[in-house]
Amino acid sequence: MAVLVLLAILIIILIDVDIKMVREEGKPLRELNLARVEQLKRGPFTIYLLGPRSLGEEVADVLERAWRIARERLGVDLGRCRVAVVVPKASENLGGVSLRGKIWVLWNPLMPILTSPDLQSLQQAEADTDTLIAIYWVIAHEAMEMKIAKKLYRDRAARWVGDDLAEYMGYAITTELAPKVRDEMLARRRRNIQVGLLDHGRSHYDLTKEFLVKRGGKKGEASEQRPAEGISDPGYAVSLAFCLQIAQKHGEGVIKEFWQRLSRRGFPNAKEAARILSELTGEDIWAKLQKMDLREVLQTLGRAAGTP
């Protein structure tokens, strides 16, 4: 009986997944079957290669260093990760990719990266900002949120926890490995706040009500992912600023301890998570989350980038 139950579970979670990544609307997508793509395996990483193997090796090098930073600075093991690196030919004029394959959807996230045409190396990608953002920021962000989503996102109001930690993960990694990418992401987040909220007369933002876990989507179908995911949603910027304010005021060690306590308490709901952080900081975190001052958010993001 136990064997039958296990087989049933495997059938449920090992399913065909269709993941789309669009960089430019209105252009054709390339459809790819992952079972027919060359793979580079290194530790917890599987790199699907549709481009130079040397580029795949470079991506694996970056991820190894990023995962080390996550362990050492924040005490987080980001776990296994799959990345599809798709390098189009200049003649293809692609707008994105559609990837199909059997994926362990609960434990092994897959992130597609569509680079600029004929890209041969990360050094050559200096002008390809979206590719660098995907490699240095978005992959770790998604891996971090995957760890949270399985255990915490039963409460829709808990999205602030996942994206706080995921955004701070991207910030910490790029600070060490790619400061230019960090500064570009902070600039985008600041524009989000200015254009998306302040320019419309907003002064405060409620992370517990305005930035909720999304529901829906067909089973076996992943949501669209973009190279700089979330830049149009100001909730990402507010989440990052919230976590930065905690680190700037109380030290990064508080973020690490917050994660450890969340883990030990079995990943509680949003209010209980806020209570844990209140214990660590002495602040009323739930009240702070409900009324994030957008001018302070803008200043926080500016300080993180070393700009006024």
# chains A, B, ... in the order shown; residues from 1 in each chain; ligands from 1

$ residues_around --residues "segment 286-294 of chain A" --least-positions-apart "2" --cutoff "7 Å" --atoms "only C-alpha atoms" --output "PDB file with all heavy atoms, in the first residue's frame"
ATOM      1  N   SER A 203       0.987  58.073  -0.556  1.00  0.00           N
ATOM      2  CA  SER A 203       2.016  58.380   0.445  1.00  0.00           C
ATOM      3  C   SER A 203       2.408  57.163   1.272  1.00  0.00           C
ATOM      4  O   SER A 203       3.506  57.123   1.838  1.00  0.00           O
ATOM      5  CB  SER A 203       1.523  59.481   1.392  1.00  0.00           C
ATOM      6  OG  SER A 203       0.353  59.052   2.091  1.00  0.00           O
ATOM      7  N   HIS A 204       1.535  56.130   1.331  1.00  0.00           N
ATOM      8  CA  HIS A 204       1.804  54.946   2.128  1.00  0.00           C
ATOM      9  C   HIS A 204       1.361  53.689   1.364  1.00  0.00           C
ATOM     10  O   HIS A 204       0.582  53.772   0.409  1.00  0.00           O
ATOM     11  CB  HIS A 204       1.090  55.007   3.478  1.00  0.00           C
ATOM     12  CG  HIS A 204       1.616  56.078   4.383  1.00  0.00           C
ATOM     13  ND1 HIS A 204       1.196  57.395   4.290  1.00  0.00           N
ATOM     14  CD2 HIS A 204       2.549  56.033   5.383  1.00  0.00           C
ATOM     15  CE1 HIS A 204       1.841  58.116   5.197  1.00  0.00           C
ATOM     16  NE2 HIS A 204       2.656  57.316   5.883  1.00  0.00           N
ATOM     17  N   TYR A 205       1.870  52.559   1.806  1.00  0.00           N
ATOM     18  CA  TYR A 205       1.570  51.277   1.147  1.00  0.00           C
ATOM     19  C   TYR A 205       1.393  50.214   2.218  1.00  0.00           C
ATOM     20  O   TYR A 205       2.172  50.144   3.170  1.00  0.00           O
ATOM     21  CB  TYR A 205       2.715  50.904   0.207  1.00  0.00           C
ATOM     22  CG  TYR A 205       2.468  49.703  -0.683  1.00  0.00           C
ATOM     23  CD1 TYR A 205       1.965  49.867  -1.965  1.00  0.00           C
ATOM     24  CD2 TYR A 205       2.767  48.405  -0.253  1.00  0.00           C
ATOM     25  CE1 TYR A 205       1.753  48.782  -2.806  1.00  0.00           C
ATOM     26  CE2 TYR A 205       2.549  47.312  -1.079  1.00  0.00           C
ATOM     27  CZ  TYR A 205       2.043  47.506  -2.358  1.00  0.00           C
ATOM     28  OH  TYR A 205       1.827  46.417  -3.178  1.00  0.00           O
ATOM     29  N   ASP A 206       0.375  49.356   2.060  1.00  0.00           N
ATOM     30  CA  ASP A 206       0.076  48.297   3.024  1.00  0.00           C
ATOM     31  C   ASP A 206       0.505  46.947   2.451  1.00  0.00           C
ATOM     32  O   ASP A 206      -0.168  46.392   1.574  1.00  0.00           O
ATOM     33  CB  ASP A 206      -1.418  48.289   3.345  1.00  0.00           C
ATOM     34  CG  ASP A 206      -1.790  47.306   4.454  1.00  0.00           C
ATOM     35  OD1 ASP A 206      -0.968  46.436   4.782  1.00  0.00           O
ATOM     36  OD2 ASP A 206      -2.907  47.426   4.985  1.00  0.00           O
ATOM     37  N   LEU A 207       1.614  46.421   2.929  1.00  0.00           N
ATOM     38  CA  LEU A 207       2.126  45.142   2.429  1.00  0.00           C
ATOM     39  C   LEU A 207       1.230  43.967   2.808  1.00  0.00           C
ATOM     40  O   LEU A 207       1.288  42.917   2.170  1.00  0.00           O
ATOM     41  CB  LEU A 207       3.538  44.901   2.960  1.00  0.00           C
ATOM     42  CG  LEU A 207       4.672  45.621   2.226  1.00  0.00           C
ATOM     43  CD1 LEU A 207       5.964  45.548   3.029  1.00  0.00           C
ATOM     44  CD2 LEU A 207       4.883  45.045   0.830  1.00  0.00           C
ATOM     45  N   THR A 208       0.398  44.122   3.823  1.00  0.00           N
ATOM     46  CA  THR A 208      -0.448  43.017   4.263  1.00  0.00           C
ATOM     47  C   THR A 208      -1.739  42.908   3.461  1.00  0.00           C
ATOM     48  O   THR A 208      -2.418  41.880   3.524  1.00  0.00           O
ATOM     49  CB  THR A 208      -0.815  43.159   5.758  1.00  0.00           C
ATOM     50  OG1 THR A 208      -1.725  44.256   5.925  1.00  0.00           O
ATOM     51  CG2 THR A 208       0.420  43.389   6.607  1.00  0.00           C
ATOM     52  N   LYS A 271       0.768  37.097  10.456  1.00  0.00           N
ATOM     53  CA  LYS A 271       0.807  37.835  11.722  1.00  0.00           C
ATOM     54  C   LYS A 271       1.808  37.229  12.693  1.00  0.00           C
ATOM     55  O   LYS A 271       2.514  37.950  13.413  1.00  0.00           O
ATOM     56  CB  LYS A 271      -0.587  37.874  12.356  1.00  0.00           C
ATOM     57  CG  LYS A 271      -1.501  38.937  11.779  1.00  0.00           C
ATOM     58  CD  LYS A 271      -2.743  39.122  12.633  1.00  0.00           C
ATOM     59  CE  LYS A 271      -3.575  40.293  12.136  1.00  0.00           C
ATOM     60  NZ  LYS A 271      -4.781  40.520  12.966  1.00  0.00           N
ATOM     61  N   ALA A 274       5.240  38.235  11.677  1.00  0.00           N
ATOM     62  CA  ALA A 274       5.499  39.612  12.108  1.00  0.00           C
ATOM     63  C   ALA A 274       5.815  39.663  13.601  1.00  0.00           C
ATOM     64  O   ALA A 274       6.671  40.448  14.034  1.00  0.00           O
ATOM     65  CB  ALA A 274       4.288  40.494  11.790  1.00  0.00           C
ATOM     66  N   ASP A 284       6.990  47.376  16.386  1.00  0.00           N
ATOM     67  CA  ASP A 284       5.680  46.828  16.053  1.00  0.00           C
ATOM     68  C   ASP A 284       5.663  46.566  14.549  1.00  0.00           C
ATOM     69  O   ASP A 284       5.300  47.433  13.746  1.00  0.00           O
ATOM     70  CB  ASP A 284       4.567  47.808  16.451  1.00  0.00           C
ATOM     71  CG  ASP A 284       3.168  47.221  16.260  1.00  0.00           C
ATOM     72  OD1 ASP A 284       3.037  46.224  15.524  1.00  0.00           O
ATOM     73  OD2 ASP A 284       2.212  47.777  16.829  1.00  0.00           O
ATOM     74  N   GLU A 296      10.071  57.365   2.673  1.00  0.00           N
ATOM     75  CA  GLU A 296      11.136  56.642   3.370  1.00  0.00           C
ATOM     76  C   GLU A 296      11.614  55.448   2.555  1.00  0.00           C
ATOM     77  O   GLU A 296      12.807  55.119   2.545  1.00  0.00           O
ATOM     78  CB  GLU A 296      10.645  56.180   4.741  1.00  0.00           C
ATOM     79  CG  GLU A 296      10.459  57.307   5.746  1.00  0.00           C
ATOM     80  CD  GLU A 296      10.039  56.794   7.105  1.00  0.00           C
ATOM     81  OE1 GLU A 296      10.038  55.548   7.304  1.00  0.00           O
ATOM     82  OE2 GLU A 296       9.712  57.620   7.976  1.00  0.00           O
ATOM     83  N   VAL A 297      10.676  54.794   1.880  1.00  0.00           N
ATOM     84  CA  VAL A 297      11.039  53.677   1.001  1.00  0.00           C
ATOM     85  C   VAL A 297      12.016  54.140  -0.065  1.00  0.00           C
ATOM     86  O   VAL A 297      13.050  53.509  -0.319  1.00  0.00           O
ATOM     87  CB  VAL A 297       9.774  53.072   0.352  1.00  0.00           C
ATOM     88  CG1 VAL A 297      10.135  52.178  -0.837  1.00  0.00           C
ATOM     89  CG2 VAL A 297       8.974  52.281   1.377  1.00  0.00           C
ATOM     90  N   LEU A 298      11.701  55.273  -0.697  1.00  0.00           N
ATOM     91  CA  LEU A 298      12.561  55.822  -1.740  1.00  0.00           C
ATOM     92  C   LEU A 298      13.948  56.143  -1.184  1.00  0.00           C
ATOM     93  O   LEU A 298      14.972  55.843  -1.816  1.00  0.00           O
ATOM     94  CB  LEU A 298      11.917  57.077  -2.317  1.00  0.00           C
ATOM     95  CG  LEU A 298      12.198  57.413  -3.792  1.00  0.00           C
ATOM     96  CD1 LEU A 298      11.756  56.290  -4.698  1.00  0.00           C
ATOM     97  CD2 LEU A 298      11.502  58.709  -4.175  1.00  0.00           C
TER      98      LEU A 298
END

$ closest_atom_pairs --of "segment 174-282 of chain A" --to "segment 299-306 of chain A" --cutoff "8 Å" --atoms "only C-alpha atoms" --output "CSV"
residue,atom,partner,partner_atom,distance
A:Arg182,CA,A:Ala305,CA,7.5
A:Asp183,CA,A:Ala305,CA,5.5
A:Leu186,CA,A:Leu301,CA,6.1
A:Arg189,CA,A:Leu301,CA,7.7
A:Arg190,CA,A:Leu301,CA,6.6
A:Ala241,CA,A:Thr300,CA,5.9
A:Leu244,CA,A:Thr300,CA,7.1
A:Gln245,CA,A:Thr300,CA,6.7

$ closest_atom_pairs --of "segment 74-138 of chain A" --to "segment 36-41 of chain A" --cutoff "10 Å" --atoms "only C-alpha atoms" --output "Markdown table"
| residue | atom | partner | partner_atom | distance |
| --- | --- | --- | --- | --- |
| A:Arg82 | CA | A:Lys41 | CA | 9.3 |
| A:Val83 | CA | A:Gln39 | CA | 9.8 |
| A:Ala84 | CA | A:Gln39 | CA | 9.0 |
| A:Gly101 | CA | A:Arg36 | CA | 9.4 |

$ residues_around --residues "Leu132 of chain A" --least-positions-apart "2" --cutoff "9 Å" --atoms "only C-alpha atoms" --output "PyMOL selection string"
chain A and resi 115+122+125-126+128-130+134-137+178+181+227

$ write_last_selection --atoms "all heavy atoms" --output "CSV table (one decimal), in the first residue's frame"
chain,number,residue,atom,x,y,z
A,115,THR,N,18.9,35.2,-23.6
A,115,THR,CA,20.0,36.2,-23.7
A,115,THR,C,19.8,37.0,-25.0
A,115,THR,O,19.0,36.8,-25.8
A,115,THR,CB,21.3,35.5,-23.7
A,115,THR,OG1,21.6,34.9,-25.0
A,115,THR,CG2,21.5,34.5,-22.6
A,122,LEU,N,29.6,36.0,-20.3
A,122,LEU,CA,29.0,37.0,-19.4
A,122,LEU,C,29.7,38.4,-19.5
A,122,LEU,O,29.1,39.4,-19.4
A,122,LEU,CB,29.1,36.6,-17.9
A,122,LEU,CG,28.2,35.4,-17.6
A,122,LEU,CD1,28.2,35.1,-16.1
A,122,LEU,CD2,26.7,35.6,-18.0
A,125,ALA,N,28.2,40.3,-22.0
A,125,ALA,CA,26.8,40.7,-21.7
A,125,ALA,C,26.7,42.0,-20.9
A,125,ALA,O,25.7,42.3,-20.4
A,125,ALA,CB,26.2,39.6,-20.8
A,126,GLU,N,27.8,42.8,-20.9
A,126,GLU,CA,27.8,44.0,-20.2
A,126,GLU,C,26.6,44.9,-20.6
A,126,GLU,O,26.0,45.6,-19.8
A,126,GLU,CB,29.1,44.8,-20.5
A,126,GLU,CG,30.3,44.3,-19.6
A,126,GLU,CD,30.1,44.5,-18.1
A,126,GLU,OE1,29.7,45.6,-17.8
A,126,GLU,OE2,30.3,43.6,-17.3
A,128,ASP,N,23.9,43.7,-22.0
A,128,ASP,CA,22.6,42.9,-21.9
A,128,ASP,C,22.1,42.9,-20.4
A,128,ASP,O,22.3,41.9,-19.8
A,128,ASP,CB,22.9,41.5,-22.4
A,128,ASP,CG,21.7,40.7,-22.5
A,128,ASP,OD1,20.6,41.2,-22.2
A,128,ASP,OD2,21.8,39.5,-22.9
A,129,THR,N,21.6,44.0,-20.0
A,129,THR,CA,21.2,44.2,-18.6
A,129,THR,C,20.2,43.1,-18.1
A,129,THR,O,20.4,42.6,-17.0
A,129,THR,CB,20.7,45.6,-18.3
A,129,THR,OG1,21.6,46.6,-18.8
A,129,THR,CG2,20.4,45.8,-16.9
A,130,ASP,N,19.2,42.8,-18.9
A,130,ASP,CA,18.2,41.9,-18.5
A,130,ASP,C,18.8,40.5,-18.2
A,130,ASP,O,18.4,39.8,-17.3
A,130,ASP,CB,17.1,41.8,-19.5
A,130,ASP,CG,16.2,43.0,-19.4
A,130,ASP,OD1,16.2,43.7,-18.4
A,130,ASP,OD2,15.4,43.2,-20.4
A,134,ALA,N,18.8,38.6,-14.6
A,134,ALA,CA,18.2,37.2,-14.5
A,134,ALA,C,19.2,36.3,-13.8
A,134,ALA,O,18.8,35.6,-12.9
A,134,ALA,CB,17.9,36.7,-15.9
A,135,ILE,N,20.5,36.4,-14.1
A,135,ILE,CA,21.5,35.5,-13.6
A,135,ILE,C,21.9,35.8,-12.2
A,135,ILE,O,21.9,35.0,-11.3
A,135,ILE,CB,22.7,35.4,-14.5
A,135,ILE,CG1,22.4,34.8,-15.8
A,135,ILE,CG2,23.9,34.7,-13.8
A,135,ILE,CD1,23.5,35.0,-16.9
A,136,TYR,N,22.1,37.1,-11.9
A,136,TYR,CA,22.6,37.5,-10.6
A,136,TYR,C,21.5,37.8,-9.6
A,136,TYR,O,21.8,37.8,-8.4
A,136,TYR,CB,23.5,38.7,-10.8
A,136,TYR,CG,24.9,38.5,-11.4
A,136,TYR,CD1,25.1,38.6,-12.7
A,136,TYR,CD2,25.9,38.0,-10.6
A,136,TYR,CE1,26.4,38.4,-13.3
A,136,TYR,CE2,27.2,37.7,-11.1
A,136,TYR,CZ,27.4,37.9,-12.4
A,136,TYR,OH,28.6,37.7,-13.0
A,137,TRP,N,20.3,38.1,-10.0
A,137,TRP,CA,19.3,38.5,-9.0
A,137,TRP,C,18.1,37.6,-9.1
A,137,TRP,O,17.7,37.0,-8.0
A,137,TRP,CB,18.8,40.0,-9.3
A,137,TRP,CG,17.9,40.6,-8.3
A,137,TRP,CD1,16.6,40.2,-8.1
A,137,TRP,CD2,18.1,41.7,-7.5
A,137,TRP,NE1,16.0,41.0,-7.2
A,137,TRP,CE2,16.9,41.9,-6.7
A,137,TRP,CE3,19.2,42.5,-7.2
A,137,TRP,CZ2,16.8,42.9,-5.8
A,137,TRP,CZ3,19.1,43.5,-6.3
A,137,TRP,CH2,17.9,43.7,-5.6
A,178,ALA,N,28.0,41.6,-8.2
A,178,ALA,CA,27.7,42.4,-9.4
A,178,ALA,C,27.1,43.7,-9.0
A,178,ALA,O,25.9,43.9,-9.2
A,178,ALA,CB,26.8,41.6,-10.4
A,181,VAL,N,24.7,45.5,-11.3
A,181,VAL,CA,23.4,44.9,-11.4
A,181,VAL,C,22.5,45.3,-10.2
A,181,VAL,O,21.4,45.7,-10.4
A,181,VAL,CB,23.5,43.4,-11.5
A,181,VAL,CG1,22.1,42.7,-11.4
A,181,VAL,CG2,24.2,42.9,-12.8
A,227,PRO,N,12.9,38.6,-17.4
A,227,PRO,CA,14.3,38.7,-16.9
A,227,PRO,C,14.3,39.6,-15.7
A,227,PRO,O,15.2,39.4,-14.8
A,227,PRO,CB,15.0,39.4,-18.1
A,227,PRO,CG,14.2,39.0,-19.3
A,227,PRO,CD,12.8,38.9,-18.9

$ select_by_dssp --residues "segment 62-195 of chain A" --states "strand (DSSP E)" --output "JSON, numbers by chain"
{"A": [81, 82, 83, 84, 85, 86, 96, 97, 98, 99, 100, 101, 102, 103, 104, 110, 111, 112, 113, 114]}

$ atom_distance --atom1 "atom CA of Tyr171 of chain A" --atom2 "atom CA of Arg156 of chain A"
24.1 Å

$ select_by_dssp --residues "segment 56-137 of chain A" --states "helix (DSSP H, G or I)" --output "PyMOL selection string"
chain A and resi 56-74+123-127+129-137

$ atom_distance --atom1 "atom CA of Leu119 of chain A" --atom2 "atom CA of Arg100 of chain A"
23.0 Å

$ residues_around --residues "Ala149 of chain A" --least-positions-apart "3" --cutoff "10 Å" --atoms "only C-alpha atoms" --output "PyMOL selection string"
chain A and resi 106+142-146+152-155+158-159+161-162+213

$ closest_residue --among "A:Val76, A:Leu212, A:Leu99, A:Ile276" --to "Ala157 of chain A" --atoms "only C-alpha atoms"
A:Leu212

$ closest_residue --among "A:Leu29, A:Ile285, A:Ile246, A:Val62" --to "Ile139 of chain A" --atoms "only C-alpha atoms"
A:Val62

$ atom_distance --atom1 "atom CA of Phe45 of chain A" --atom2 "atom CA of Ile255 of chain A"
25.6 Å

$ closest_residue --among "A:Gln124, A:Thr131, A:Thr46, A:Ser263" --to "Val86 of chain A" --atoms "only C-alpha atoms"
A:Thr131
